[in-house]
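Asks: The structure is given below, and queries will be raised subsequently.
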Amino acid sequence: MGGSGSRLSKELLAEYQDLTFLTKQEILLSVYVVLAPHLVDDEQQARSGNEHTGRPIAENTDSSPLSTRAHRRFCELLPQEQRSVESSLRAQVPFEQILSLPELKANPFKERICRVFSTSPAKDSLSFEDFLDLLSVFSDTATPDIKSHYAFRIFDFDDDGTLNREDLSRLVNCLTGEGEDTRLSASEMKQLIDNILEESDIDRDGTINLSEFQHVISRSPDFASSFKIVL
Amino acid sequence: MEKKIEVLKEAKKFVSENEGALGKGKGKRWFAFKMMMAKKWAKFLRDFENFKAACVPWENKIKAIESQFGSSVASYFLFLRWMYGVNMVLFILTFSLIMLPEYLWGLPYGSLPRKTVPRAEEASAANFGVLYDFNGLAQYSVLFYGYYDNKRTIGWMNFRLPLSYFLVGIMCIGYSFLVVLKAMTKNIGDDGGGDDNTFNFSWKVFTSWDYLIGNPETADNKFNSITMNFKEAITEEKAAQVEENVHLIRFLRFLANFFVFLTLGGSGYLIFWAVKRSQEFAQQDPDTLGWWEKNEMNMVMSLLGMFCPTLFDLFAELEDYHPLIALKWLLGRIFALLLGNLYVFILALMDEINNKIEEEKLVKANITLWEANMIKAYNASFSENSTGPPFFVHPADVPRGPCWETMVGQEFVRLTVSDVLTTYVTILIGDFLRACFVRFCNYCWCWDLEYGYPSYTEFDISGNVLALIFNQGMIWMGSFFAPSLPGINILRLHTSMYFQCWAVMCCNVPEARVFKASRSNNFYLGMLLLILFLSTMPVLYMIVSLPPSFDCGPFSGKNRMFEVIGETLEHDFPSWMAKILRQLSNPGLVIAVILVMILAIYYLNATAKGQKAANLDLKKKMKMQALENKMRNKKMAAARAGGRYVYVCNVCNFSFSFSFFLSFFFFFAFSPLDGEWHYCREQVIPQSLPSTFLALLRHHIQGIWLFSSGRKKREMKMWAYKLGSSDF
């Protein structure tokens with residue numbers, strides 16, 4: 001791991017460590033997880049010039065030493081592609097690859113998570129640095145403030161800065177799963193949302209804004225431990 | 001991230017360019033040096049954090065379990081790993097400071113009577129059966145107390161072994177207390193104030209999803225449990241409402257408790273009887289005993305620990321409690337069972353120790369006789385003036401006293417080993433074989449085995465955690481008399497980790513009902529603390545009040561074990577220090593110190609209570625403020641809008657919030673320990689109800705004042721609308 005880790009320049013690694021809550025090993029591991037298949041695709045495109053063969057990331061995570069397979073491919077690629085390491089860090093990985101990661105596969109909020117952390121103009125892909133941001137917010141050492149801030153953005157389905165009834169009902173539907181028998185009836189939903197607004201909406205405007213949300217979340221003992229993704 | 005990196009680079013450039021200028025003119029070099037040291041220190045800290053994170057073992061395994069089973073099952077493995085760390089420290093202490101010095105610098109095997117297998121047992125000393133029982137060669141080795149010599153210093157470094165033995169024993173206990181208390185206080189900080197009921201629904205919606213789950217089946221289970229949770233909370237549970245036939249329920253509960261008491265008493269008596277029998281067996285010739293007789297006591301304890309919880313589960317069917325409360329009762333009963341077993345075991349052991357001490361007095365008397373006879377016989381064989389070789393007796397032939405400390409150590413080691421074996425066998429048979437049976441015989445069976453009766457087992461978190469805690473208690477009790485126990489425990493925890501990880505992934509399914517592990521963490525640590533306290537008490541009692549054996553162990557020859565400290569003070573410290581310490585142990589001073597400590601405890605208690613009260617006060621104020629704001633907003637909205645719409649709105653709002661608070665009061669009456677039901681009876685009644693009524697009362701008084709002071713008609717009409725009366 002140390003050998004190819006030095007391909008990612010020490011400066012860059014130090015900068016990433018400064019800006020996120022992750023440790024060095026986590027950053028390096030996420031490089032393999034996100035970038036190696038991407039670089040394989042690039043290389044195959046470069047070599048054969050054929051159509052894009054999108055290899056899903058899930059294939060790489062099957063074997064337990066994930067890093068050795070990715071390591072080998074990475075090392076094969078790098079002597080020729082030395083410079084493109086830097087640029088590939090900003091290359092965009094489409095959502096399908098990120099969503100097939102085992103950590104995100106079973107999560108009901110996976111599309112929202114990807115959308116919130118994406119910085120591409122079309123909001124349809126994540127760069128490696130966005131992925132690092134994602135991991136940093138969901139890591140164990142992130143402060144509860146950061147987590148609640150991002151949780152608010154994830155739950156805000158229409159991106160308008162507040163959680164209104166629409167957002168809350170979509171949120172509850174995500175939580176109750178896809179099957180018809182597990183969804184709540186309309187009256188149950190209405191009552192649940194009324195209760196939520198009754199509890200959390202302090203200024204009684206019918207929506208929950210960021211500070212109200214943070215006030216609610218800060219008193220919860222379970223939030224920090226459940227809002228966690230470990231690579 | 002790009003922007004952040006740019007900003008960071010700019011900032012770094014600015015700082016490096018202007019660093020000198022940022023410091024004062026004169027102290028530039030010193031300032032630059034300080035900055036460089038600060039940077040190096042920050043880098044060192046970060047590297048150290050990375051190193052620490054890399055050193056943590058089994059991270060991948062636990063992560064895999066978390067993603068498959070959720071955080072509650074993973075919490076057991078996290079607890080196991082933490083215990084492994086604690087035991088590792090204990091092992092390092094005992095190994096490096098007790099076992100290694102004796103092995104390196106103490107007299108070798110065979111040089112002293114206490115270090116040699118007695119002549120009578122020599123033939124069978126290396127047999128596997130004997131070694132497995134920790135007799136024979138295993139008994140006369142560094143593994144047990146009896147091997148250690150009581151010379152004050154050993155080796156060229158003058159290592160004081162008896163002192164080290166005593167101090168390491170005390171340090172192990174002290175370290176364990178520290179580490180458990182630290183873990184508990186860290187968890188208390190995470191609790192967040194514990195006001196449970198105000199944000200019930202919001203918490204359910206915002207925080208119930210466990211982001212660590214990666215397995216679709218577990219995710220499905222989680223969805224189902226969340227949905228059920230919502231539905232139950234919304235439609236107001238029946239369990240609290242229906243109170244039919246209270247007497248029958250009470251009678252059934254009383255009956256169940258009665259059965260539980262019977263079981264507890266029965267198991268205690270069974271253990272006592274088994275220990276008595278094992279003493280009888282010890283008198284008999286070991287060759288005539290079968291395997292069962294030799295291991296009877298350990299087997300009895302382990303089997304009781306295995307089967308009684310199922311009995312308790314059965315009795316709990318009679319009681320018909322809410323699942324969380326039933327779980328609490330079950331945990332409490334298993335705890336009482338294991339504790340009772342442990343203490344009966346200790347009582348029986350104390351009995352045996354007293355017997356051995358009596359025996360020792362006889363042996364002591366016999367030895368002087370025996371020695372006198374030997375010398376007489378020896379001198380008689382040289383009746384003339386010739387001097388033969390000096391008087392020498394082979395150590396193996398010297399008669400031995402019964403070494404009660406080694407006996408105690410042996411008992412604990414045997415108990416630990418048999419416990420391990422029972423656990424592994426249970427997992428193999430109960431989980432693995434059952435899973436194989438369900439999986440392979442399902443094709444040719446009448447009903448669906450996977451959904452019907454046997455099906456796959458769920459991982460029993462509380463049972464496993466309790467077993468772990470009690471095993472640790474036994475280690476704490478026995479490690480003073482068998483310094484090898486922490487080492488044995490390390491091996492056990494190591495293999496247990498791999499074995500149970502494999503078993504859980506292979507044979508268990510995720511639980512259907514998922515309870516959150518967050519609150520119960522402190523509960524388990526609290527139990528661990530209690531066990532630590534209860535298990536060090538017998539050890540301390542034995543150290544302080546029982547005389548050590550006269551011919552084995554590092555304290556042989558002394559009147560009490562702690563006299564080694566006094567001896568060290570006399571010989572090794574300068575005389576003025578001994579004088580000072582003697583003054584310090586003056587009873588007057590000690591009493592004064594105790595009084596000061598009691599006063600400090602009282603003061604801290606009072607401060608904590610006062611702060612809690614201030615906390616509650618502030619919370620009440622916040623709620624009042626929120627209600628006032630609500631009323632004010634409504635007033636303003638009504639003043640602007642006016643009319644029937646407002647009237648309807650206000651009435652609905654008023655009646656809804658009133659019924660809402662009433663429903664809180666009636667239906668959330670239970671207060672379980674943990675889990676997603678954040679009901680808290682004590683908090684709702686004093687706070688929300690009086691505050692609501694206060695607000696309403698104030699409203700009434702305001703209205704009456706308005707009326708009697710002849711204010712504008714419109715305002716009065718508004719006020720009347722608010723209260724829903726239309727006759728004005």
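A note on labels: chains of the structure tokens are A, B, ... as shown, every chain counts residues from 1, and ligands are counted from 1 in their shown order.
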Check which residues of chain B sit at most 8 Å from chain A using only C-alpha atoms, and return one row each with the closest pair of atoms and their distance in Å to one decimal, ordered by chain and rising number, as CSV.

Replies:
```
residue,atom,partner,partner_atom,distance
B:Met1,CA,A:Glu129,CA,6.0
B:Glu2,CA,A:Glu129,CA,7.7
B:Lys4,CA,A:Leu19,CA,7.6
B:Ile5,CA,A:Glu15,CA,7.1
B:Leu8,CA,A:Glu15,CA,7.9
B:Glu49,CA,A:Thr23,CA,7.7
B:Asn50,CA,A:Thr23,CA,5.6
B:Ala53,CA,A:Thr23,CA,7.7
B:Ala54,CA,A:Gln25,CA,7.6
B:Lys63,CA,A:Val230,CA,7.5
B:Ser67,CA,A:Glu103,CA,7.6
B:Ser71,CA,A:Ser226,CA,7.9
B:Asp190,CA,A:Pro221,CA,6.3
B:Asp191,CA,A:Pro221,CA,5.2
B:Gly192,CA,A:Arg219,CA,5.4
B:Gly193,CA,A:Arg219,CA,7.0
B:Gly194,CA,A:Arg219,CA,7.7
B:Asp195,CA,A:Arg219,CA,7.7
B:Thr198,CA,A:Glu199,CA,6.5
B:Phe199,CA,A:Glu199,CA,5.8
B:Asn200,CA,A:Glu199,CA,8.0
B:Phe201,CA,A:Ile196,CA,5.5
B:Ser202,CA,A:Ile196,CA,5.2
B:Trp203,CA,A:Ser220,CA,6.9
B:Val205,CA,A:Val172,CA,6.8
B:Phe206,CA,A:Ile217,CA,7.9
B:Thr207,CA,A:Phe223,CA,5.3
B:Ser208,CA,A:Ser226,CA,7.7
B:Trp209,CA,A:Ser226,CA,6.9
B:Asp210,CA,A:Ser226,CA,4.8
B:Tyr211,CA,A:Phe227,CA,5.5
B:Leu212,CA,A:Ile229,CA,5.5
B:Ile213,CA,A:Ala106,CA,6.8
B:Gly214,CA,A:Glu103,CA,5.1
B:Asn215,CA,A:Ala106,CA,6.2
B:Pro216,CA,A:Ala106,CA,5.5
B:Ala219,CA,A:Ala106,CA,6.2
B:Asp220,CA,A:Gly177,CA,7.5
B:Phe223,CA,A:Thr176,CA,5.2
B:Asn224,CA,A:Thr182,CA,6.8
B:Ile226,CA,A:Thr176,CA,6.5
B:Thr227,CA,A:Thr176,CA,5.3
B:Phe230,CA,A:Leu192,CA,7.8
B:Lys231,CA,A:Glu188,CA,7.6
B:Ile234,CA,A:Leu192,CA,6.7
B:Ser518,CA,A:Asp222,CA,6.3
B:Ala626,CA,A:Ile202,CA,6.2
B:Asn629,CA,A:Asp203,CA,7.3
B:Lys630,CA,A:Arg204,CA,6.8
```

Asks: Just the residues within 9 Å of A:Tyr150, please, counting only C-alpha atoms, with nothing from its chain fewer than 5 positions along; format it as a VMD selection string.

Replies: chain A and resid 113 116 137 145 155

Asks: By how many Å are atom CA of B:Trp404 and atom CA of B:Glu358 apart?

Replies: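 Between these atoms lies a distance of 10.6 Å.
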
Asks: Name the residues of stretch 476-510 of chain B that come out as helix (DSSP H, G or I) in a backbone DSSP run; write them as a ChimeraX atom specification.

Replies: /B:476-478,485-507

Asks: Quick one: distance from atom CA of B:Ala120 to atom CA of B:Asp397 in Å, one decimal?

Replies: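 Distance between the two atoms: 8.4 Å.
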
Asks: Name the residues in contact with stretch 466-479 of chain B at a cut-off of 8 Å, using only C-alpha atoms, excluding same-chain residues fewer than 4 positions from it; report them as a PyMOL selection string.

Replies: chain B and resi 80+169+173+335+338+408-409+412-413+416+462+483-486+489+527-528+531-532+535-536+538-539

Asks: Neighbours of B:Tyr145 within 6 Å (only C-alpha atoms; same-chain residues fewer than 3 positions away dropped), as a PyMOL selection string?

Replies: chain B and resi 406+481-482+553

Asks: In Å, with one decimal, what is the gap from atom CA of B:Pro554 to atom CA of B:Ile154?

Replies: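 Between atom CA of B:Pro554 and atom CA of B:Ile154 the gap is 11.5 Å.
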